[in-house]
Amino acid sequence: MYRAPVNEIAFALKEVAGMREALAAGTLGDLSEDLVDAVLEEAGRFASEEIAPLNKTGDSHGTPCKDGKVTTPPGWKETYKAWAEGGWNAIAGPEEHGGQGLPTMMAVATAEMWNSASMAFGLGPLLTIGAIEALDKHGSEALKATYLEKLVSGEWMGTMNLTEPQAGSDLNALKARAERNSDGTYRIFGQKIFITYGEHDLTENICHLVLARLPDAPAGTRGISLFLVPKFLVNEDGSIGARNDVWCQSVEHKLGIHGSPTCVMIYGDGKFGDEAGATGWLIGEENRGLACMFTMMNNARLNVGTQGVAVAEAAYQHALAYARDRRQGKAPGATGEGMSPIIEHPDVARTLLTMKTHIQAARAICYSCAHALDMARADGQDAKFWSERASLLTPIAKAFSTDIGVEVANHGVQIHGGMGFIEETGAAQFLRDSRINPIYEGTNGIQAIDLVMRKLPLSGGEAVAAYIAELRAIVEKVRSSNRDGFGATASELASAIDELEAATAWMLDGMQAGKQEEVLAGATPYLRLFGLAAGAAYLAKAGLAESSDSRVQLARFFAENFLGECTGLRSRVTFGATSMLAARQLLDIA
């Protein structure tokens, strides 16, 4: 059973991601270290004792849909109510609408625990938090007054409706349409698919954020508007009113996250109401909906990266417990009778350390991204610097961490051996659940494209140069520490950063020279290279912050076992495009 690693999470926040310095500088308002510890402790307790026991039930029960109504697994409704009443949905919500206004770092850290305990459970609140941010930033005062307090409290939940059958990641192909009403509202028509928590029984109302086109909208993404479409209309006194013309046609039968309803939503077919068309309210300006939705999507991308860490942590704990109990063979140097616990076999120990160090590296990247978001919102003279830092780290946090989630969960199945292939052990669920993370909220290939095409050029390349310089400063601190336990960490990390810098220069030069196809061909290995170098630097930073050698040993293991990959990745970035483009024609051969 999952136990929230509260001490590990607190250490990553304070010593690696930058929270301690921010607290000391007063950047995070009245937040104190004591309050941070108290919040994390209680979140860890709730995740471990209340949510985690529901995980297996959610996987086996699923979310059956009958006559447009979805039933969540047993115990989920009661647990969600207790979770919302505990104030967990409101952690980072705007204070003027009942939120606690705590930093993004705290929201991300607690979200990790919810998703480790049960990713399917944690998915609903993830989208609600994103809806809150989009509505708070772009919604009218009237919409905020009507919806934000209920969303912030968790009394109502929110969704994000982008995808359609013919339009996955390419929003140019959206066909959902909106028509203006004389009273300032809009009527929404169309179908949306893959809508997480589009229908459920956890809350009395669901607020859908829907992308659609007006009749006179320009073509392409410049003609998309964003609308708030509630499941139930809201009366002037704030009470629930008539049913809106939106409903769940079906739920998808998925590889994993069975406890999370993934819905096909129908808008405006006349199933409810006297007149066809779901009533919606414009968020932001007409034809500028994508900018509003990206507020929600960027929030979701960091949180999905955190989900990668979360599922990996749960899979690691599960595998570690099994490896301690399972006896097989005789480990080298073992004495006495009987077989050895498999954790004593070097190959199993190596695999577990691979899992542990990659989790810590990915966690540090996600928390550092959250820290940058918090610093950018402080409205100081460095707001631009921190905003660009958050933009740079977001695709890495999302893609690197979710790739790690799948890899770690896969290792967990392997640790269990043949029993890992049997559903009863629970190891397979982590792999099944984790597999969606590299796909949704922009596939990891799209994250790599975003990184090289939009984030590397920020401030003429100065944003990424400043970040690489910070990584180099960590190398120098490792060197000057003179701690023998680091072994070859400094030299391996320095080489990895050299490879990252060379690959970055190649990317920037290629874009300037108009070699877009070559640049895009190397985007995914470039992101992996970036994640390995950054993650290794954060592990080294963790080692420097602790007087004992335990974290130093983890940093050394990671550096000496995995940073050698960086040379090959840089080669794939700078030389791989030529062979790939030449061989691509072979894909057309039957």
# chains A, B, ... in the order shown; residues from 1 in each chain; ligands from 1
>>> residues_around(residues="Ala10 in chain A", least_positions_apart="5", cutoff="12 Å", atoms="only C-alpha atoms", output="list in words")
Ala4, Pro5, Glu15, Val16, Ala17, Gly18, Met19, Arg20, Glu33, Asp34, Leu35, Val36, Asp37, Ala38, Val39, Leu40, Glu41, Ala43, Gly44, Met105, Met106, Val108, Ala109, Thr110, Arg363, Ala364, Tyr367 and Ala542 of chain A
>>> write_last_selection(atoms="C-alpha atoms", output="PDB file, in the first residue's frame")
ATOM      1  CA  ALA A   4       3.213   9.272   0.995  1.00  0.00           C
ATOM      2  CA  PRO A   5       6.961  10.102   1.097  1.00  0.00           C
ATOM      3  CA  GLU A  15      16.467  22.116  -0.643  1.00  0.00           C
ATOM      4  CA  VAL A  16      16.307  21.462  -4.379  1.00  0.00           C
ATOM      5  CA  ALA A  17      13.465  23.432  -5.968  1.00  0.00           C
ATOM      6  CA  GLY A  18      14.140  26.697  -4.147  1.00  0.00           C
ATOM      7  CA  MET A  19      11.369  26.984  -1.574  1.00  0.00           C
ATOM      8  CA  ARG A  20      13.699  27.634   1.382  1.00  0.00           C
ATOM      9  CA  GLU A  33       8.140  26.329   6.976  1.00  0.00           C
ATOM     10  CA  ASP A  34       5.994  25.046   9.845  1.00  0.00           C
ATOM     11  CA  LEU A  35       2.852  25.516   7.768  1.00  0.00           C
ATOM     12  CA  VAL A  36       4.476  23.776   4.792  1.00  0.00           C
ATOM     13  CA  ASP A  37       5.314  20.780   6.963  1.00  0.00           C
ATOM     14  CA  ALA A  38       1.837  20.676   8.511  1.00  0.00           C
ATOM     15  CA  VAL A  39       0.091  20.798   5.139  1.00  0.00           C
ATOM     16  CA  LEU A  40       2.311  18.088   3.676  1.00  0.00           C
ATOM     17  CA  GLU A  41       1.873  15.825   6.698  1.00  0.00           C
ATOM     18  CA  ALA A  43      -2.006  15.634   2.818  1.00  0.00           C
ATOM     19  CA  GLY A  44       0.198  12.572   3.137  1.00  0.00           C
ATOM     20  CA  MET A 105       4.729  24.378  -5.277  1.00  0.00           C
ATOM     21  CA  MET A 106       2.308  23.326  -2.544  1.00  0.00           C
ATOM     22  CA  VAL A 108       1.915  20.371  -7.101  1.00  0.00           C
ATOM     23  CA  ALA A 109       3.368  18.579  -4.069  1.00  0.00           C
ATOM     24  CA  THR A 110      -0.043  17.646  -2.703  1.00  0.00           C
ATOM     25  CA  ARG A 363      10.278  15.274  -9.098  1.00  0.00           C
ATOM     26  CA  ALA A 364      12.936  17.966  -8.817  1.00  0.00           C
ATOM     27  CA  TYR A 367       8.944  21.213  -8.425  1.00  0.00           C
ATOM     28  CA  ALA A 542      20.349  17.395  -3.171  1.00  0.00           C
TER      29      ALA A 542
END
>>> residues_around(residues="Pro215 in chain A", least_positions_apart="2", cutoff="7 Å", atoms="only C-alpha atoms", output="list in words")
Glu179, Arg213 and Ala217 of chain A
>>> atom_distance(atom1="CA of Gly168 in chain A", atom2="CA of Ile193 in chain A")
9.2 Å
>>> closest_residue(among="A:Lys398, A:Gly487, A:Leu102, A:Gly289", to="Leu31 in chain A", atoms="only C-alpha atoms")
A:Leu102
>>> closest_atom_pairs(of="range 458-486 of chain A", to="range 503-519 of chain A", cutoff="10 Å", atoms="only C-alpha atoms", output="JSON lines")
{"residue": "A:Gly460", "atom": "CA", "partner": "A:Leu508", "partner_atom": "CA", "distance": 9.2}
{"residue": "A:Gly461", "atom": "CA", "partner": "A:Leu508", "partner_atom": "CA", "distance": 7.6}
{"residue": "A:Val464", "atom": "CA", "partner": "A:Thr504", "partner_atom": "CA", "distance": 8.4}
{"residue": "A:Ala465", "atom": "CA", "partner": "A:Thr504", "partner_atom": "CA", "distance": 8.9}
{"residue": "A:Ile468", "atom": "CA", "partner": "A:Thr504", "partner_atom": "CA", "distance": 9.8}
>>> residues_around(residues="Lys541 in chain A", least_positions_apart="3", cutoff="8 Å", atoms="only C-alpha atoms", output="PyMOL selection string")
chain A and resi 15-16+474+537-538+544-545
>>> residues_around(residues="Arg528 in chain A", least_positions_apart="4", cutoff="7 Å", atoms="only C-alpha atoms", output="short mmCIF file (atom, residue, chain, number, x, y, z; two decimals) with N, CA and C atoms, in the first residue's frame")
data_model
loop_
_atom_site.label_atom_id
_atom_site.label_comp_id
_atom_site.auth_asym_id
_atom_site.auth_seq_id
_atom_site.Cartn_x
_atom_site.Cartn_y
_atom_site.Cartn_z
N PHE A 400 9.60 14.57 -19.91
CA PHE A 400 10.61 13.74 -19.26
C PHE A 400 9.99 12.96 -18.10
N THR A 524 12.89 15.18 -29.94
CA THR A 524 12.64 14.24 -28.84
C THR A 524 13.93 13.80 -28.14
N LEU A 532 17.84 14.54 -18.62
CA LEU A 532 18.89 13.80 -17.92
C LEU A 532 19.90 14.75 -17.28
#
>>> decode(residues="range 383-475 of chain A", atoms="C-alpha atoms", output="JSON list (two decimals), in the first residue's frame")
[["chain", "number", "residue", "atom", "x", "y", "z"],
["A", 383, "ALA", "CA", 9.12, 38.37, -13.30],
["A", 384, "LYS", "CA", 10.11, 38.04, -16.98],
["A", 385, "PHE", "CA", 13.11, 35.88, -16.10],
["A", 386, "TRP", "CA", 11.02, 33.52, -14.01],
["A", 387, "SER", "CA", 8.16, 33.42, -16.51],
["A", 388, "GLU", "CA", 10.60, 32.32, -19.20],
["A", 389, "ARG", "CA", 12.14, 29.79, -16.81],
["A", 390, "ALA", "CA", 8.71, 28.27, -16.20],
["A", 391, "SER", "CA", 8.03, 28.23, -19.95],
["A", 392, "LEU", "CA", 11.36, 26.48, -20.57],
["A", 393, "LEU", "CA", 10.82, 23.84, -17.90],
["A", 394, "THR", "CA", 7.14, 23.06, -18.60],
["A", 395, "PRO", "CA", 7.67, 20.78, -21.64],
["A", 396, "ILE", "CA", 10.56, 19.05, -19.89],
["A", 397, "ALA", "CA", 8.51, 18.55, -16.71],
["A", 398, "LYS", "CA", 5.64, 17.12, -18.72],
["A", 399, "ALA", "CA", 7.53, 14.91, -21.17],
["A", 400, "PHE", "CA", 10.61, 13.74, -19.26],
["A", 401, "SER", "CA", 8.62, 12.99, -16.10],
["A", 402, "THR", "CA", 5.87, 11.06, -17.87],
["A", 403, "ASP", "CA", 8.40, 9.04, -19.86],
["A", 404, "ILE", "CA", 10.06, 8.25, -16.54],
["A", 405, "GLY", "CA", 6.68, 7.25, -15.11],
["A", 406, "VAL", "CA", 6.18, 4.60, -17.79],
["A", 407, "GLU", "CA", 9.78, 3.38, -17.52],
["A", 408, "VAL", "CA", 9.64, 3.06, -13.73],
["A", 409, "ALA", "CA", 6.27, 1.30, -13.81],
["A", 410, "ASN", "CA", 7.68, -1.07, -16.43],
["A", 411, "HIS", "CA", 10.66, -1.79, -14.17],
["A", 412, "GLY", "CA", 8.18, -2.48, -11.38],
["A", 413, "VAL", "CA", 6.51, -5.22, -13.41],
["A", 414, "GLN", "CA", 9.94, -6.68, -14.15],
["A", 415, "ILE", "CA", 10.88, -6.73, -10.46],
["A", 416, "HIS", "CA", 7.81, -8.87, -9.82],
["A", 417, "GLY", "CA", 8.89, -11.34, -12.50],
["A", 418, "GLY", "CA", 6.09, -13.53, -13.77],
["A", 419, "MET", "CA", 3.85, -12.31, -10.98],
["A", 420, "GLY", "CA", 4.10, -8.82, -12.41],
["A", 421, "PHE", "CA", 2.16, -10.05, -15.42],
["A", 422, "ILE", "CA", -0.65, -11.19, -13.14],
["A", 423, "GLU", "CA", -3.19, -8.51, -12.31],
["A", 424, "GLU", "CA", -3.67, -9.63, -8.69],
["A", 425, "THR", "CA", -0.23, -8.36, -7.64],
["A", 426, "GLY", "CA", -1.15, -4.79, -8.64],
["A", 427, "ALA", "CA", 2.11, -4.09, -10.49],
["A", 428, "ALA", "CA", 0.44, -4.07, -13.89],
["A", 429, "GLN", "CA", -2.03, -1.35, -12.93],
["A", 430, "PHE", "CA", 0.73, 1.21, -12.49],
["A", 431, "LEU", "CA", 2.03, 0.48, -15.98],
["A", 432, "ARG", "CA", -1.46, 0.62, -17.47],
["A", 433, "ASP", "CA", -2.34, 3.83, -15.64],
["A", 434, "SER", "CA", 0.94, 5.57, -16.45],
["A", 435, "ARG", "CA", 0.75, 4.96, -20.20],
["A", 436, "ILE", "CA", -1.71, 7.78, -20.86],
["A", 437, "ASN", "CA", 0.56, 10.44, -19.38],
["A", 438, "PRO", "CA", 2.96, 10.74, -22.34],
["A", 439, "ILE", "CA", -0.10, 11.08, -24.62],
["A", 440, "TYR", "CA", -2.60, 13.54, -23.19],
["A", 441, "GLU", "CA", -2.25, 17.31, -22.68],
["A", 442, "GLY", "CA", -0.04, 17.36, -25.77],
["A", 443, "THR", "CA", 1.91, 14.23, -26.66],
["A", 444, "ASN", "CA", 5.53, 14.16, -25.60],
["A", 445, "GLY", "CA", 6.54, 14.64, -29.22],
["A", 446, "ILE", "CA", 4.55, 17.88, -29.19],
["A", 447, "GLN", "CA", 6.29, 18.89, -25.96],
["A", 448, "ALA", "CA", 9.65, 18.35, -27.64],
["A", 449, "ILE", "CA", 8.57, 20.50, -30.59],
["A", 450, "ASP", "CA", 7.38, 23.19, -28.19],
["A", 451, "LEU", "CA", 10.71, 23.10, -26.38],
["A", 452, "VAL", "CA", 12.91, 23.54, -29.44],
["A", 453, "MET", "CA", 10.68, 25.78, -31.54],
["A", 454, "ARG", "CA", 9.23, 28.12, -28.91],
["A", 455, "LYS", "CA", 11.15, 27.86, -25.66],
["A", 456, "LEU", "CA", 14.80, 27.74, -26.74],
["A", 457, "PRO", "CA", 14.49, 31.05, -28.66],
["A", 458, "LEU", "CA", 13.11, 32.92, -25.62],
["A", 459, "SER", "CA", 15.02, 36.20, -25.19],
["A", 460, "GLY", "CA", 17.21, 35.27, -28.13],
["A", 461, "GLY", "CA", 18.42, 32.09, -26.44],
["A", 462, "GLU", "CA", 19.37, 33.87, -23.21],
["A", 463, "ALA", "CA", 16.75, 32.01, -21.14],
["A", 464, "VAL", "CA", 18.19, 28.58, -21.90],
["A", 465, "ALA", "CA", 21.77, 29.91, -21.63],
["A", 466, "ALA", "CA", 21.06, 31.21, -18.12],
["A", 467, "TYR", "CA", 19.62, 27.86, -17.10],
["A", 468, "ILE", "CA", 22.61, 25.93, -18.43],
["A", 469, "ALA", "CA", 24.89, 28.34, -16.54],
["A", 470, "GLU", "CA", 23.04, 27.45, -13.33],
["A", 471, "LEU", "CA", 23.57, 23.76, -13.99],
["A", 472, "ARG", "CA", 27.27, 24.42, -14.47],
["A", 473, "ALA", "CA", 27.39, 26.26, -11.15],
["A", 474, "ILE", "CA", 26.16, 23.08, -9.45],
["A", 475, "VAL", "CA", 29.04, 21.17, -11.06]]
